[in-house]
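J.: Structure supplied as final30.tsv; contents: TSV, C-alpha atoms.
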```tsv
chain	number	residue	atom	x	y	z
A	1131	MET	CA	9.44	32.05	26.49
A	1132	PRO	CA	9.47	28.70	28.35
A	1133	PRO	CA	9.03	25.55	26.30
A	1134	ALA	CA	5.52	24.21	25.98
A	1135	THR	CA	4.81	21.35	28.37
A	1136	ASP	CA	2.08	18.88	29.02
A	1137	PRO	CA	-0.11	20.20	31.88
A	1138	THR	CA	0.14	16.84	33.56
A	1139	PHE	CA	3.91	17.27	34.06
A	1140	GLY	CA	3.51	19.04	37.39
A	1141	GLN	CA	0.87	16.60	38.58
A	1142	ARG	CA	3.05	13.60	37.74
A	1143	LEU	CA	6.09	15.23	39.38
A	1144	ARG	CA	4.13	15.75	42.62
A	1145	GLU	CA	2.93	12.13	42.53
A	1146	LEU	CA	6.46	10.83	42.06
A	1147	ILE	CA	7.82	13.00	44.89
A	1148	GLU	CA	5.15	11.59	47.18
A	1149	GLN	CA	5.62	8.00	46.00
A	1150	ARG	CA	9.41	8.18	46.48
A	1151	ARG	CA	8.91	9.81	49.90
A	1152	THR	CA	11.38	12.55	49.17
A	1153	SER	CA	11.19	16.31	49.73
A	1154	TYR	CA	11.46	19.25	47.37
A	1155	ARG	CA	14.70	20.27	49.10
A	1156	ALA	CA	16.28	16.80	48.73
A	1157	LEU	CA	15.17	16.51	45.12
A	1158	ALA	CA	16.45	20.00	44.29
A	1159	ALA	CA	19.88	19.09	45.67
A	1160	ARG	CA	20.01	15.96	43.51
A	1161	VAL	CA	19.20	17.84	40.29
A	1162	HIS	CA	21.32	20.89	41.19
A	1163	HIS	CA	18.47	23.40	41.19
A	1164	GLY	CA	16.86	25.52	43.85
A	1165	LYS	CA	13.98	24.21	45.97
A	1166	THR	CA	11.74	27.06	44.76
A	1167	HIS	CA	12.36	26.20	41.12
A	1168	VAL	CA	11.48	22.54	41.65
A	1169	HIS	CA	8.34	23.58	43.54
A	1170	ASP	CA	7.36	25.88	40.66
A	1171	LEU	CA	7.71	22.97	38.24
A	1172	ALA	CA	5.50	20.78	40.42
A	1173	THR	CA	2.80	23.43	40.66
A	1174	GLY	CA	2.87	24.32	36.96
A	1175	ARG	CA	4.26	27.83	37.41
A	1176	LYS	CA	7.27	26.98	35.28
A	1177	ALA	CA	7.96	24.61	32.40
A	1178	PRO	CA	11.06	22.38	32.52
A	1179	THR	CA	13.79	22.06	29.97
A	1180	VAL	CA	14.26	18.59	28.56
A	1181	ASP	CA	17.66	18.42	30.31
A	1182	LEU	CA	16.14	19.20	33.71
A	1183	ALA	CA	13.26	16.82	33.07
A	1184	GLN	CA	15.82	14.09	32.34
A	1185	ARG	CA	17.61	14.78	35.65
A	1186	LEU	CA	14.33	14.74	37.54
A	1187	ASP	CA	13.37	11.56	35.73
A	1188	ASP	CA	16.66	9.89	36.72
A	1189	ALA	CA	16.45	11.10	40.33
A	1190	LEU	CA	12.89	9.78	40.71
A	1191	ASP	CA	13.39	6.64	38.58
A	1192	ALA	CA	10.41	7.63	36.42
A	1193	GLY	CA	11.36	5.52	33.39
A	1194	GLY	CA	11.20	8.38	30.88
A	1195	GLU	CA	7.73	9.64	31.82
A	1196	LEU	CA	8.84	13.14	32.81
A	1197	VAL	CA	11.01	13.58	29.71
A	1198	ALA	CA	8.14	12.55	27.47
A	1199	LEU	CA	5.77	14.99	29.18
A	1200	ALA	CA	8.30	17.82	29.06
A	1201	GLY	CA	8.82	17.37	25.35
A	1202	SER	CA	5.15	17.50	24.43
A	1203	THR	CA	2.80	20.29	23.47
A	1204	SER	CA	-0.66	20.01	24.98
A	1205	ARG	CA	-3.61	21.08	22.89
A	1206	PRO	CA	-7.32	20.29	22.87
A	1207	ALA	CA	-8.49	17.59	20.50
A	1208	ALA	CA	-10.50	20.14	18.53
A	1209	ALA	CA	-7.26	21.97	17.71
A	1210	ALA	CA	-5.53	18.89	16.31
A	1211	ALA	CA	-5.73	20.27	12.76
A	1212	ALA	CA	-3.52	23.18	13.80
A	1213	GLY	CA	-0.86	20.64	14.72
A	1214	ASP	CA	-0.50	19.47	11.14
A	1215	VAL	CA	2.52	21.71	10.51
A	1216	ASP	CA	4.02	20.99	13.92
A	1217	ALA	CA	3.72	17.28	13.24
A	1218	GLU	CA	5.52	17.63	9.94
A	1219	ILE	CA	8.37	19.59	11.54
A	1220	GLU	CA	8.73	17.03	14.31
A	1221	ALA	CA	8.86	14.24	11.76
A	1222	LEU	CA	11.54	15.97	9.74
A	1223	GLU	CA	13.60	16.70	12.84
A	1224	LEU	CA	13.46	13.08	13.94
A	1225	ALA	CA	14.45	11.92	10.46
A	1226	ARG	CA	17.44	14.30	10.51
A	1227	ARG	CA	18.68	13.18	13.93
A	1228	VAL	CA	18.64	9.45	13.23
A	1229	GLU	CA	21.33	10.01	10.55
A	1230	VAL	CA	23.93	10.70	13.22
A	1231	SER	CA	26.15	5.30	21.72
A	1232	ASP	CA	23.47	5.51	27.86
A	1233	VAL	CA	20.21	3.82	26.99
A	1234	SER	CA	19.32	0.84	29.17
A	1235	ASP	CA	17.65	-2.29	27.90
A	1236	GLY	CA	14.90	-1.57	30.46
A	1237	THR	CA	14.15	1.77	28.79
A	1238	LEU	CA	13.94	0.07	25.40
A	1239	ASP	CA	11.67	-2.63	26.84
A	1240	ARG	CA	9.32	0.08	28.07
A	1241	LEU	CA	9.36	1.89	24.73
A	1242	GLU	CA	8.50	-1.33	22.90
A	1243	ARG	CA	5.62	-1.94	25.28
A	1244	VAL	CA	4.44	1.63	24.77
A	1245	ALA	CA	4.45	1.20	20.98
A	1246	ASP	CA	2.34	-1.95	21.34
A	1247	ARG	CA	0.00	-0.30	23.83
A	1248	MET	CA	-0.60	2.66	21.53
A	1249	ALA	CA	-1.30	0.32	18.59
A	1250	MET	CA	-3.81	-1.58	20.74
A	1251	ALA	CA	-5.49	1.66	21.83
A	1252	TYR	CA	-6.08	2.62	18.19
A	1253	ALA	CA	-9.18	0.44	17.83
A	1254	GLY	CA	-11.14	2.21	20.57
A	1255	THR	CA	-9.65	5.70	20.88
A	1256	ALA	CA	-10.54	8.77	18.84
A	1257	PRO	CA	-7.61	9.77	16.57
A	1258	ALA	CA	-7.46	13.34	17.91
A	1259	GLU	CA	-7.22	11.94	21.45
A	1260	LEU	CA	-4.60	9.28	20.74
A	1261	LEU	CA	-2.35	11.36	18.49
A	1262	PRO	CA	-0.93	13.69	21.21
A	1263	ARG	CA	-0.07	10.63	23.33
A	1264	VAL	CA	1.77	8.99	20.46
A	1265	ARG	CA	3.68	12.16	19.67
A	1266	ARG	CA	4.77	12.59	23.30
A	1267	HIS	CA	6.46	9.21	23.10
A	1268	ILE	CA	8.00	10.05	19.74
A	1269	ALA	CA	9.45	13.15	21.40
A	1270	TYR	CA	11.15	10.86	23.89
A	1271	VAL	CA	12.53	8.69	21.08
A	1272	THR	CA	13.87	11.88	19.50
A	1273	HIS	CA	15.57	12.75	22.78
A	1274	LEU	CA	17.23	9.31	22.94
A	1275	THR	CA	18.60	9.32	19.40
A	1276	ASP	CA	21.65	11.34	20.51
A	1277	ALA	CA	22.49	9.01	23.40
A	1278	ARG	CA	25.34	6.50	23.31
A	1279	MET	CA	24.18	2.91	22.79
A	1280	THR	CA	25.17	-0.36	21.22
A	1281	LEU	CA	24.24	-1.18	17.63
A	1282	ALA	CA	21.66	-3.70	18.86
A	1283	GLN	CA	20.12	-1.10	21.19
A	1284	ARG	CA	20.07	1.49	18.44
A	1285	ARG	CA	18.23	-0.91	16.16
A	1286	ARG	CA	15.61	-1.53	18.87
A	1287	LEU	CA	15.18	2.22	19.34
A	1288	LEU	CA	14.73	2.77	15.61
A	1289	ILE	CA	12.17	-0.03	15.37
A	1290	ALA	CA	10.13	1.35	18.31
A	1291	GLY	CA	10.34	4.83	16.81
A	1292	GLY	CA	9.36	3.43	13.42
A	1293	TRP	CA	6.20	1.80	14.80
A	1294	LEU	CA	5.25	4.98	16.67
A	1295	SER	CA	5.88	7.14	13.59
A	1296	LEU	CA	3.80	4.77	11.47
A	1297	LEU	CA	0.94	4.99	13.98
A	1298	ALA	CA	1.19	8.79	14.01
A	1299	ALA	CA	0.92	8.75	10.21
A	1300	THR	CA	-2.13	6.47	10.38
A	1301	LEU	CA	-3.83	8.82	12.83
A	1302	HIS	CA	-3.10	11.83	10.61
A	1303	VAL	CA	-4.62	9.91	7.68
A	1304	ASP	CA	-7.73	9.32	9.80
A	1305	LEU	CA	-7.90	13.07	10.46
A	1306	ARG	CA	-7.36	13.90	6.76
A	1307	GLN	CA	-4.07	15.69	7.51
A	1308	VAL	CA	-2.26	14.44	4.43
A	1309	ASP	CA	1.00	16.43	4.60
A	1310	ALA	CA	1.68	15.46	8.21
A	1311	ALA	CA	0.79	11.85	7.43
A	1312	GLU	CA	3.27	11.70	4.56
A	1313	ALA	CA	6.02	13.28	6.69
A	1314	TRP	CA	5.58	10.64	9.40
A	1315	LEU	CA	5.41	7.86	6.80
A	1316	ALA	CA	8.71	9.04	5.32
A	1317	THR	CA	10.23	9.11	8.81
A	1318	ALA	CA	8.92	5.63	9.68
A	1319	GLU	CA	10.23	4.31	6.37
A	1320	GLN	CA	13.65	5.87	6.94
A	1321	MET	CA	13.92	4.46	10.46
A	1322	ALA	CA	12.81	1.03	9.24
A	1323	GLY	CA	15.42	1.22	6.48
A	1324	HIS	CA	18.20	1.94	8.99
A	1325	ALA	CA	16.96	-0.93	11.17
A	1326	GLY	CA	16.45	-3.36	8.29
A	1327	HIS	CA	12.78	-3.83	9.23
A	1328	ASP	CA	10.86	-4.68	6.08
A	1329	GLU	CA	7.48	-5.11	7.75
A	1330	ILE	CA	7.35	-1.47	8.87
A	1331	ARG	CA	8.39	-0.43	5.36
A	1332	ALA	CA	5.58	-2.54	3.90
A	1333	TRP	CA	3.05	-1.02	6.31
A	1334	CYS	CA	4.13	2.44	5.11
A	1335	TYR	CA	3.16	1.54	1.54
A	1336	GLU	CA	-0.09	-0.07	2.71
A	1337	THR	CA	-0.99	3.07	4.69
A	1338	ARG	CA	-0.32	5.24	1.64
A	1339	ALA	CA	-2.53	2.88	-0.37
A	1340	TRP	CA	-5.44	3.42	2.04
A	1341	GLU	CA	-4.96	7.20	2.01
A	1342	VAL	CA	-5.07	7.48	-1.78
A	1343	LEU	CA	-7.96	5.03	-1.99
A	1344	THR	CA	-10.05	7.30	0.28
A	1345	ALA	CA	-9.15	10.15	-2.07
A	1346	GLY	CA	-10.52	8.24	-5.08
A	1347	ARG	CA	-7.13	7.41	-6.63
A	1348	TYR	CA	-7.86	3.72	-7.07
A	1349	ARG	CA	-5.12	2.88	-9.57
A	1350	ASP	CA	-2.50	4.46	-7.27
A	1351	ALA	CA	-3.93	2.47	-4.36
A	1352	LEU	CA	-3.56	-0.72	-6.38
A	1353	GLU	CA	0.09	-0.02	-7.22
A	1354	LEU	CA	0.99	0.94	-3.64
A	1355	SER	CA	-0.68	-2.23	-2.35
A	1356	ARG	CA	1.40	-4.31	-4.73
A	1357	GLN	CA	4.58	-2.53	-3.64
A	1358	ALA	CA	3.73	-3.31	-0.03
A	1359	GLN	CA	3.24	-6.98	-0.88
A	1360	ALA	CA	6.61	-7.09	-2.67
A	1361	ILE	CA	8.41	-5.75	0.45
A	1362	ALA	CA	6.45	-7.51	3.20
A	1363	PRO	CA	8.01	-10.60	4.84
A	1364	ALA	CA	6.30	-13.90	4.02
A	1365	GLY	CA	3.36	-14.62	6.31
A	1366	SER	CA	3.47	-11.16	7.91
A	1367	SER	CA	0.45	-9.10	8.90
A	1368	ALA	CA	1.57	-6.41	6.45
A	1369	LEU	CA	1.43	-8.90	3.58
A	1370	ILE	CA	-2.13	-9.94	4.45
A	1371	GLN	CA	-3.32	-6.36	4.93
A	1372	ALA	CA	-1.74	-5.19	1.67
A	1373	THR	CA	-3.38	-8.06	-0.21
A	1374	ALA	CA	-6.75	-7.09	1.28
A	1375	GLN	CA	-6.07	-3.49	0.29
A	1376	GLU	CA	-5.44	-4.60	-3.29
A	1377	GLY	CA	-8.87	-6.26	-3.28
A	1378	ARG	CA	-10.52	-3.04	-2.14
A	1379	ALA	CA	-8.79	-1.08	-4.90
A	1380	TRP	CA	-10.00	-3.55	-7.53
A	1381	ALA	CA	-13.51	-3.35	-6.05
A	1382	ARG	CA	-13.62	0.43	-6.37
A	1383	MET	CA	-12.60	0.04	-10.03
A	1384	GLY	CA	-15.45	-2.43	-10.59
A	1385	ALA	CA	-13.16	-5.33	-11.47
A	1386	ALA	CA	-15.14	-8.24	-10.01
A	1387	GLY	CA	-12.79	-11.04	-11.14
A	1388	GLU	CA	-9.66	-9.38	-9.77
A	1389	THR	CA	-11.53	-8.50	-6.58
A	1390	ARG	CA	-12.48	-12.14	-6.03
A	1391	GLY	CA	-8.90	-13.21	-6.78
A	1392	ALA	CA	-7.50	-10.90	-4.10
A	1393	LEU	CA	-10.07	-12.10	-1.56
A	1394	GLU	CA	-9.16	-15.72	-2.29
A	1395	ARG	CA	-5.47	-14.92	-1.68
A	1396	VAL	CA	-6.34	-13.31	1.65
A	1397	ALA	CA	-8.36	-16.38	2.60
A	1398	ARG	CA	-5.37	-18.63	1.89
A	1399	LEU	CA	-3.02	-16.38	3.88
A	1400	VAL	CA	-5.24	-16.43	6.98
A	1401	SER	CA	-6.42	-20.05	6.73
A	1402	ASN	CA	-3.89	-21.31	9.29
A	1403	LEU	CA	-3.35	-18.04	11.11
A	1404	ALA	CA	-3.90	-18.19	14.87
A	1405	THR	CA	-5.70	-15.36	16.67
A	1406	PRO	CA	-2.99	-13.08	18.10
A	1407	GLU	CA	-2.67	-12.55	21.83
A	1408	ASN	CA	-3.86	-8.98	21.37
A	1409	PRO	CA	-6.24	-9.07	18.39
A	1410	GLU	CA	-7.01	-5.37	18.75
A	1411	HIS	CA	-3.37	-4.52	17.87
A	1412	HIS	CA	-3.58	-2.48	14.68
A	1413	TYR	CA	-0.46	-4.03	13.14
A	1414	ARG	CA	-1.15	-7.69	14.01
A	1415	TYR	CA	-3.62	-9.22	11.65
A	1416	ASP	CA	-6.57	-10.82	13.40
A	1417	PRO	CA	-8.17	-13.54	11.20
A	1418	ALA	CA	-11.56	-12.13	12.19
A	1419	LYS	CA	-10.66	-9.00	10.21
A	1420	ALA	CA	-10.94	-11.04	7.03
A	1421	ILE	CA	-14.73	-11.16	7.44
A	1422	SER	CA	-14.96	-7.38	7.77
A	1423	TYR	CA	-12.66	-6.76	4.82
A	1424	THR	CA	-14.59	-9.23	2.69
A	1425	ALA	CA	-17.84	-7.44	3.56
A	1426	THR	CA	-16.33	-4.08	2.59
A	1427	THR	CA	-14.82	-5.35	-0.63
A	1428	LEU	CA	-17.91	-7.21	-1.81
A	1429	SER	CA	-20.19	-4.28	-0.97
A	1430	TRP	CA	-18.01	-1.98	-3.06
A	1431	VAL	CA	-18.06	-4.29	-6.06
A	1432	GLY	CA	-21.83	-4.79	-5.72
A	1433	ASP	CA	-21.76	-8.50	-4.86
A	1434	PRO	CA	-24.97	-9.68	-3.12
A	1435	ALA	CA	-22.88	-11.88	-0.81
A	1436	ALA	CA	-21.74	-8.70	0.96
A	1437	GLU	CA	-24.88	-8.63	3.13
A	1438	GLY	CA	-24.18	-12.01	4.77
A	1439	PHE	CA	-20.53	-11.15	5.43
A	1440	ALA	CA	-21.46	-7.74	6.88
A	1441	ARG	CA	-24.08	-9.21	9.23
A	1442	HIS	CA	-21.59	-11.88	10.34
A	1443	ALA	CA	-18.93	-9.25	10.94
A	1444	ILE	CA	-21.27	-7.09	13.06
A	1445	ALA	CA	-22.37	-10.07	15.16
A	1446	GLU	CA	-18.76	-11.12	15.77
A	1447	LEU	CA	-17.58	-7.60	16.60
A	1448	GLU	CA	-20.48	-6.87	18.95
A	1449	ALA	CA	-19.68	-10.08	20.82
A	1450	ALA	CA	-16.33	-8.40	21.66
A	1451	PRO	CA	-14.03	-11.34	20.89
A	1452	GLY	CA	-11.29	-11.58	23.48
A	1453	GLY	CA	-13.26	-9.18	25.65
A	1454	VAL	CA	-12.10	-6.22	23.58
A	1455	PRO	CA	-14.80	-4.01	21.99
A	1456	ARG	CA	-14.09	-2.62	18.54
A	1457	PRO	CA	-16.67	0.17	18.06
A	1458	ARG	CA	-14.98	1.71	15.02
A	1459	ARG	CA	-14.99	-1.57	13.14
A	1460	VAL	CA	-18.66	-2.08	14.07
A	1461	ALA	CA	-19.51	1.33	12.61
A	1462	SER	CA	-17.62	0.53	9.39
A	1463	ALA	CA	-19.34	-2.86	9.11
A	1464	ARG	CA	-22.73	-1.14	9.42
A	1465	LEU	CA	-21.82	1.11	6.49
A	1466	ASP	CA	-20.88	-1.98	4.47
A	1467	LEU	CA	-24.21	-3.55	5.33
A	1468	GLY	CA	-26.02	-0.35	4.37
A	1469	LEU	CA	-24.36	-0.36	0.95
A	1470	ALA	CA	-25.24	-4.02	0.46
A	1471	LEU	CA	-28.87	-3.38	1.43
A	1472	LEU	CA	-29.06	-0.53	-1.08
A	1473	ALA	CA	-27.88	-2.88	-3.81
A	1474	ALA	CA	-30.61	-5.31	-2.71
A	1475	GLY	CA	-33.29	-2.62	-3.08
A	1476	ARG	CA	-33.93	-2.14	0.67
A	1477	PRO	CA	-33.12	1.56	1.27
A	1478	ASP	CA	-35.14	1.73	4.51
A	1479	GLU	CA	-32.95	-0.94	6.12
A	1480	ALA	CA	-29.83	0.67	4.63
A	1481	SER	CA	-30.80	3.97	6.22
A	1482	ALA	CA	-31.21	2.32	9.63
A	1483	GLU	CA	-27.72	0.83	9.45
A	1484	ALA	CA	-26.16	4.11	8.31
A	1485	LEU	CA	-28.03	5.96	11.08
A	1486	ALA	CA	-26.61	3.58	13.71
A	1487	ALA	CA	-23.11	4.04	12.31
A	1488	VAL	CA	-23.29	7.83	12.10
A	1489	THR	CA	-24.82	8.37	15.55
A	1490	SER	CA	-22.21	6.09	17.17
A	1491	GLY	CA	-19.72	8.94	16.77
A	1492	ARG	CA	-17.11	6.37	15.70
A	1493	ILE	CA	-16.68	7.29	12.03
A	1494	VAL	CA	-13.34	9.03	11.59
A	1495	PRO	CA	-12.95	11.82	9.00
A	1496	SER	CA	-11.11	9.57	6.54
A	1497	ASN	CA	-14.10	7.17	6.53
A	1498	TRP	CA	-16.85	9.77	6.29
A	1499	TRP	CA	-17.10	9.38	2.51
A	1500	ARG	CA	-18.35	5.83	3.04
A	1501	ALA	CA	-21.25	7.14	5.13
A	1502	VAL	CA	-21.94	9.75	2.45
A	1503	GLU	CA	-22.10	7.02	-0.18
A	1504	VAL	CA	-24.85	5.20	1.72
A	1505	TYR	CA	-26.74	8.44	2.42
A	1506	ARG	CA	-26.74	9.46	-1.23
A	1507	GLY	CA	-28.07	6.05	-2.19
A	1508	VAL	CA	-30.90	6.32	0.33
A	1509	LYS	CA	-31.68	9.84	-0.87
A	1510	ARG	CA	-31.77	8.79	-4.53
A	1511	SER	CA	-34.20	6.01	-3.67
A	1512	GLY	CA	-36.74	8.53	-2.42
A	1513	ALA	CA	-37.08	6.68	0.90
A	1514	PRO	CA	-38.64	8.90	3.61
A	1515	GLU	CA	-35.89	7.77	6.02
A	1516	ALA	CA	-33.47	10.03	4.12
A	1517	ALA	CA	-34.68	13.08	6.05
A	1518	GLU	CA	-33.81	11.58	9.45
A	1519	LEU	CA	-30.46	10.42	8.12
A	1520	ALA	CA	-29.70	13.91	6.79
A	1521	GLY	CA	-30.33	15.36	10.27
A	1522	ALA	CA	-27.96	12.83	11.81
A	1523	PHE	CA	-25.31	13.76	9.26
A	1524	GLU	CA	-25.48	17.42	10.22
A	1525	ALA	CA	-25.29	16.60	13.93
A	1526	HIS	CA	-22.42	14.10	13.74
A	1527	ARG	CA	-20.29	15.20	10.80
A	1528	PRO	CA	-16.59	14.98	11.89
A	1529	ALA	CA	-15.27	18.46	12.51
A	1530	LEU	CA	-12.11	17.79	10.53
A	1531	SER	CA	-13.75	15.97	7.64
A	1532	ALA	CA	-12.44	17.15	4.30
A	1533	GLY	CA	-14.31	14.53	2.29
A	1534	PRO	CA	-17.51	14.87	0.29
A	1535	SER	CA	-20.45	16.40	2.02
A	1536	ALA	CA	-23.90	14.92	2.27
```
Any chance you could give the structure as structure tokens?
T.:
Amino acid sequence: MPPATDPTFGQRLRELIEQRRTSYRALAARVHHGKTHVHDLATGRKAPTVDLAQRLDDALDAGGELVALAGSTSRPAAAAAAGDVDAEIEALELARRVEVSDVSDGTLDRLERVADRMAMAYAGTAPAELLPRVRRHIAYVTHLTDARMTLAQRRRLLIAGGWLSLLAATLHVDLRQVDAAEAWLATAEQMAGHAGHDEIRAWCYETRAWEVLTAGRYRDALELSRQAQAIAPAGSSALIQATAQEGRAWARMGAAGETRGALERVARLVSNLATPENPEHHYRYDPAKAISYTATTLSWVGDPAAEGFARHAIAELEAAPGGVPRPRRVASARLDLGLALLAAGRPDEASAEALAAVTSGRIVPSNWWRAVEVYRGVKRSGAPEAAELAGAFEAHRPALSAGPSA
């Protein structure tokens, strides 16, 4: 049985052949295969081996694109849950192979740019859509781990692979695929350990903290957040995010004083922080995030100030700072505002905010419980708007949501 391949492999191969102005016959001679075989690859009749994809990639100067496509398994977004086991196996295989020097600095440059590009795409791309793209690039990192390279090049490869593995874990958390998420977190942590990259290690703990917080394990979330802070380099984005995560854990436990203390520490950490060049990058803390996190944290602890912060956050996000829309963060901010409005005794307005968030289609499975919390509050209030909100919940519930139902 031929290896599974991305259906775009053949299309990209045809494009490269045309762009390089070569022929199937000439290309076949360069990769030591028959013309018919190369033509079958280009038309999708056959799937390539990784070795042949590498030779085609080299012959066409494709910069690793064909290898990445050959090493991937295409599946519809709706079937992403079935990939949970596959993801775990891939993570374990990558972790095994990094224990074990032909990689150019140009290839590593491209991989680093890819890792950044994927992290920037996170803010506006559905997890089930982005995850296969991330895993295709991880497959290419896996392929490169056996190549000869200098120690400095190997460190760069491990760091790029660590960021990509961390992002894969984050996406699996969003999809409520806990086992796959933990496998990728362990792999990212291992790669970061080999590379001596404490920020990735800290992000791994912070990501675990968020996952257990969404599962209602608030004390565990608090401890993981503190571990992340202990590892994170001074002034790093991971340190700020982990401190904010600690505040959210305290809020869920109803500890108002500790919650305020964590928020004050975040405020000090971001007070002189410049807006990053790419504020949508998931692992580069944008000072504007502090407003959103404050709104979330205060709404959870029942502080009336949450409403003002939530409205400010929505206004800022809808203005698309830097020209980059952040629809998922807008949806989350609307849920925060809904919770704050419930606490203020205005369930009709809370329902309107929750309705806007739910119908946006931007609430990922791991965040669905927050929408449920607002809905239940509206329902308990006896507000007539609860019926419309219930209908929206049934129409827009994430297919992979494993959280509480409405």
J.: Could you name the residues that touch segment 1465-1473 of chain A at 8 Å or less, counting all atoms listed in the file, but leaving out those on the same chain fewer than 3 positions away, as an MDAnalysis selection string?
T.: chainID A and resid 1425:1426 1429:1430 1432:1434 1436:1437 1440:1441 1461:1462 1476:1477 1479:1484 1487 1500:1501 1503:1504 1507:1508
J.: Would you list the contacts of Met1321 of chain A as a PDB file with C-alpha atoms, in the frame of the given file, taking every protein, DNA or RNA residue within 7 Å and counting only C-alpha atoms, but skipping same-chain residues closer than 6 positions in sequence?
T.:
```pdb
ATOM      1  CA  LEU A1288      14.730   2.770  15.610  1.00  0.00           C
ATOM      2  CA  ILE A1289      12.170  -0.030  15.370  1.00  0.00           C
ATOM      3  CA  GLY A1292       9.360   3.430  13.420  1.00  0.00           C
TER       4      GLY A1292
END
```
J.: Between atom CA of Ala1192 of chain A and atom CA of Pro1409 of chain A, what is the distance in Å, rounded to a tenth?
T.: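 Straight-line distance from atom CA of Ala1192 of chain A to atom CA of Pro1409 of chain A works out to 29.7 Å.
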J.: In terms of the shortest atom-to-atom distance over all atoms listed in the file, which of A:Ile1493, A:Ala1445, A:Ala1372, A:Arg1506 is closest to Thr1255 of chain A?
T.: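 Under the stated criterion, the closest residue is A:Ile1493.
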J.: Could you name the residues that touch Ala1311 of chain A at 7 Å or less, counting all atoms listed in the file, but leaving out those on the same chain fewer than 4 positions away, as a PyMOL selection string?
T.: chain A and resi 1299-1300+1302-1303+1307+1315
J.: Kindly extract all protein, DNA and RNA residues lying within 8 Å of the coordinates (-7.3, -3.1, 21.2) given in the file, considering all atoms listed in the file, and supply them as a PyMOL selection string.
T.: chain A and resi 1249-1254+1408-1412+1454-1456
J.: Name the residues in contact with segment 1517-1520 of chain A at a cut-off of 9 Å, using only C-alpha atoms, excluding same-chain residues fewer than 2 positions from it; report them as a ChimeraX atom specification.
T.: /A:1481-1482,1484-1485,1488,1505,1508-1509,1513-1515,1522-1525,1536
J.: With only C-alpha atoms as the counted atoms, please give the residues lying no more than 10 Å from segment 1141-1148 of chain A, apart from itself and same-chain residues fewer than 3 positions off, as a short mmCIF file (atom, residue, chain, number, x, y, z; two decimals) with C-alpha atoms, in the frame of the given file.
T.:
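The resulting part-v1.cif:
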```
data_model
loop_
_atom_site.label_atom_id
_atom_site.label_comp_id
_atom_site.auth_asym_id
_atom_site.auth_seq_id
_atom_site.Cartn_x
_atom_site.Cartn_y
_atom_site.Cartn_z
CA ASP A 1136 2.08 18.88 29.02
CA PRO A 1137 -0.11 20.20 31.88
CA THR A 1138 0.14 16.84 33.56
CA ARG A 1151 8.91 9.81 49.90
CA THR A 1152 11.38 12.55 49.17
CA SER A 1153 11.19 16.31 49.73
CA TYR A 1154 11.46 19.25 47.37
CA LEU A 1157 15.17 16.51 45.12
CA VAL A 1168 11.48 22.54 41.65
CA HIS A 1169 8.34 23.58 43.54
CA LEU A 1171 7.71 22.97 38.24
CA ALA A 1172 5.50 20.78 40.42
CA THR A 1173 2.80 23.43 40.66
CA GLY A 1174 2.87 24.32 36.96
CA ALA A 1183 13.26 16.82 33.07
CA LEU A 1186 14.33 14.74 37.54
CA ASP A 1187 13.37 11.56 35.73
CA ALA A 1189 16.45 11.10 40.33
CA LEU A 1190 12.89 9.78 40.71
CA ASP A 1191 13.39 6.64 38.58
CA ALA A 1192 10.41 7.63 36.42
CA GLU A 1195 7.73 9.64 31.82
CA LEU A 1196 8.84 13.14 32.81
CA LEU A 1199 5.77 14.99 29.18
#
```
J.: Could you make a table, as a tab-separated table, of the residues of segment 1385-1504 of chain A that have an atom within 12 Å of an atom of segment 1347-1359 of chain A, each with its nearest atom pair and distance in Å to one decimal, counting all atoms listed in the file, in chain and number order?
T.:
```
residue	atom	partner	partner_atom	distance
A:Ala1385	CA	A:Tyr1348	CA	11.4
A:Glu1388	CA	A:Leu1352	CA	11.1
A:Thr1389	CA	A:Leu1352	CA	11.1
A:Ala1392	CA	A:Arg1356	CA	11.1
A:Arg1395	CA	A:Gln1359	CA	11.8
A:Val1396	CA	A:Gln1359	CA	11.8
```
J.: One number please: atom CA of Arg1414 of chain A to atom CA of Gly1346 of chain A, in Å, one decimal.
T.: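 Rounded to one decimal, the two atoms are 26.6 Å apart.
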J.: Please compute the atom CA of Leu1238 of chain A-atom CA of Ala1298 of chain A distance, one decimal, in Å.
T.: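 Those two atoms sit 19.2 Å apart.
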J.: Counting all atoms listed in the file, which of A:Leu1369, A:Ala1516, A:Ala1379, A:Ala1443 gets nearest to Tyr1415 of chain A?
T.: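 Under the stated criterion, the closest residue is A:Leu1369.
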J.: Tell me which of A:Arg1263, A:Arg1175, A:Arg1160, A:Arg1382 sits closest to Leu1343 of chain A, counting only C-alpha atoms.
T.: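 So, comparing all the options, the nearest one is A:Arg1382.
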J.: Neighbourhood query: residues within 12 Å of (5.0, -14.9, 7.0), file coordinates, counting all atoms listed in the file; return as a PyMOL selection string.
T.: chain A and resi 1328-1329+1359+1361-1370+1399-1400+1402-1403+1414-1415
